[in-house]
Amino acid sequence: MNPLYEVYAIKYAHHERRAAENFIGGDPHDGPMPLDYFVWLIRGEGREVVVDTGFSAAMARKRGRQHLRCPTEGLQMLGVSASAVQDVVVTHLHYDHVGNFDLFPAARLHLQELEMRYATGRYMAHDCFRGAFEVEDVVGVVRRVYGGRVEFHDGDAALASGISLHLIGGHTMGLQVVRVATRRGWVVLASDASHFYANLEQSRPFPIVWSVADMVEGYRRIRELAASPAHIIPGHDPLVLERYPAPERKLEGIVVRLD
Ligand SMILES: [Zn+2]
């Protein structure tokens with residue numbers, strides 16, 4: 001029997017946009033469809049695993065996003081000190097998922113080999129593929145490889161008993177999702193394998209994409225990995241904060257418990 005973990009989503013930023021920007025081909029019922037930005041915490045068995053590291057206030061200014069707090073402050077609200085975290089899963093190398101990685105100096109970064117190939121290879125010669133990457137983040141992670149603190153995975157991998165990584169691709173070449181054993185069954189942190197519930201539920205892909213085929217096939221794969229559709233946590237959907245409870249009253253609107 002697997003150990004069971006607690007899982008939290010921590011909101012750190014927000015961006016207003018329209019529905020047409022969230023689907024390939026736009027949206028015939030265009031209206032406001034904002035994004036929330038999250039990092040996630042998996043905790044249990046004496047282990048703290050952080051999934052993604054968000055972006056900084058300076059990056060929010062550069063990209064016109066509303067920064068609410070440093071993701072490490074959100075972790076601190078749950079009693080987690082970023083400087084002590086041992087394992088950080090980087091779902092992919094986009095600026096909103098890997099910025100701030102240097103605030104986790106003790107951590108091993110878990111990354112898919114294909115993601116590094118993508119972020120440093122020929123596709124980055126095209127503006128449409130490199131737009132959501134920040135070169136300083138990518139170079140910083142390369143430096144971290146040379147520091148011996150990046151663990152590469154190639155496809156599916158076990159991080160610990162009850163925590164596994166699964167290569168999906170699609171949005172980026174090496175996007176991975178995280179599956180966690182919880183008291184309510186297998187929860188899948190889908191990250192940008194599905195930005196919103198609607199991408200997955202309606203098989204309508206998000207427009208920032210490396211392979212549409214892999215993205216759509218990924219919707220099937222994450223359904224297969226999760227105990228039920230209600231166990232899938234999309235990467236940017238404000239509904240996550242509505243569907244799950246805050247662990248305590250003072251964290252309402254900031255942190256929700258997913259397990
Ligand atoms: Zn994202």
# chains A, B, ... in the order shown; residues from 1 in each chain; ligands from 1
>>> residues_near_ligand(ligand="ligand 1", cutoff="8 Å", atoms="only C-alpha atoms and all ligand atoms", output="ChimeraX atom specification")
/A:37,94-97,191-192,195,235-236
>>> closest_atom_pairs(of="segment 21-110 of chain A", to="segment 161-184 of chain A", cutoff="12 Å", atoms="only C-alpha atoms", output="Markdown table")
| residue | atom | partner | partner_atom | distance |
| --- | --- | --- | --- | --- |
| A:Trp40 | CA | A:Val178 | CA | 10.3 |
| A:Leu41 | CA | A:Val180 | CA | 10.8 |
| A:Ile42 | CA | A:Val180 | CA | 8.0 |
| A:Arg43 | CA | A:Val180 | CA | 10.1 |
| A:Gly44 | CA | A:Thr182 | CA | 9.8 |
| A:Glu45 | CA | A:Ser161 | CA | 9.7 |
| A:Arg47 | CA | A:Ile163 | CA | 10.8 |
| A:Glu48 | CA | A:Ile163 | CA | 11.3 |
| A:Val49 | CA | A:Ile163 | CA | 9.4 |
| A:Val50 | CA | A:Val178 | CA | 10.8 |
| A:Val51 | CA | A:Val178 | CA | 8.2 |
| A:Asp52 | CA | A:Val177 | CA | 10.8 |
| A:Asp87 | CA | A:Ile163 | CA | 11.7 |
| A:Val88 | CA | A:Val178 | CA | 11.4 |
| A:Val89 | CA | A:Val178 | CA | 8.3 |
| A:Val90 | CA | A:Gln176 | CA | 8.1 |
| A:Thr91 | CA | A:Gln176 | CA | 5.0 |
| A:His92 | CA | A:Leu175 | CA | 5.0 |
| A:Leu93 | CA | A:Leu175 | CA | 8.3 |
| A:His94 | CA | A:Thr172 | CA | 8.6 |
| A:His97 | CA | A:Leu175 | CA | 10.8 |
| A:His110 | CA | A:Leu165 | CA | 9.0 |
>>> select_by_dssp(residues="segment 14-197 of chain A", states="helix (DSSP H, G or I)", output="PyMOL selection string")
chain A and resi 19-22+57-63+71-77+82-84+95-98+101-103+113-120+122-125+127-130+135-146+197
>>> closest_residue(among="A:Phe23, A:Trp210, A:Phe38, A:Tyr8", to="Phe129 of chain A", atoms="only C-alpha atoms")
A:Trp210
>>> closest_residue(among="A:Cys128, A:Leu68, A:Val187, A:Leu258", to="Ala246 of chain A", atoms="only C-alpha atoms")
A:Leu258
>>> closest_residue(among="A:Gln202, A:Ser81, A:Ser228, A:Gln86", to="Val216 of chain A", atoms="only C-alpha atoms")
A:Gln202
>>> residues_around(residues="Val139 of chain A", least_positions_apart="6", cutoff="12 Å", atoms="only C-alpha atoms", output="list in words")
Leu93, Val98, Gly99, Phe101, Asp102, Met116, Ala119, Thr120, Phe133, Val145 and Tyr146 of chain A
>>> closest_residue(among="A:Gly74, A:Val209, A:Asn199, A:His29", to="Tyr123 of chain A", atoms="only C-alpha atoms")
A:Val209
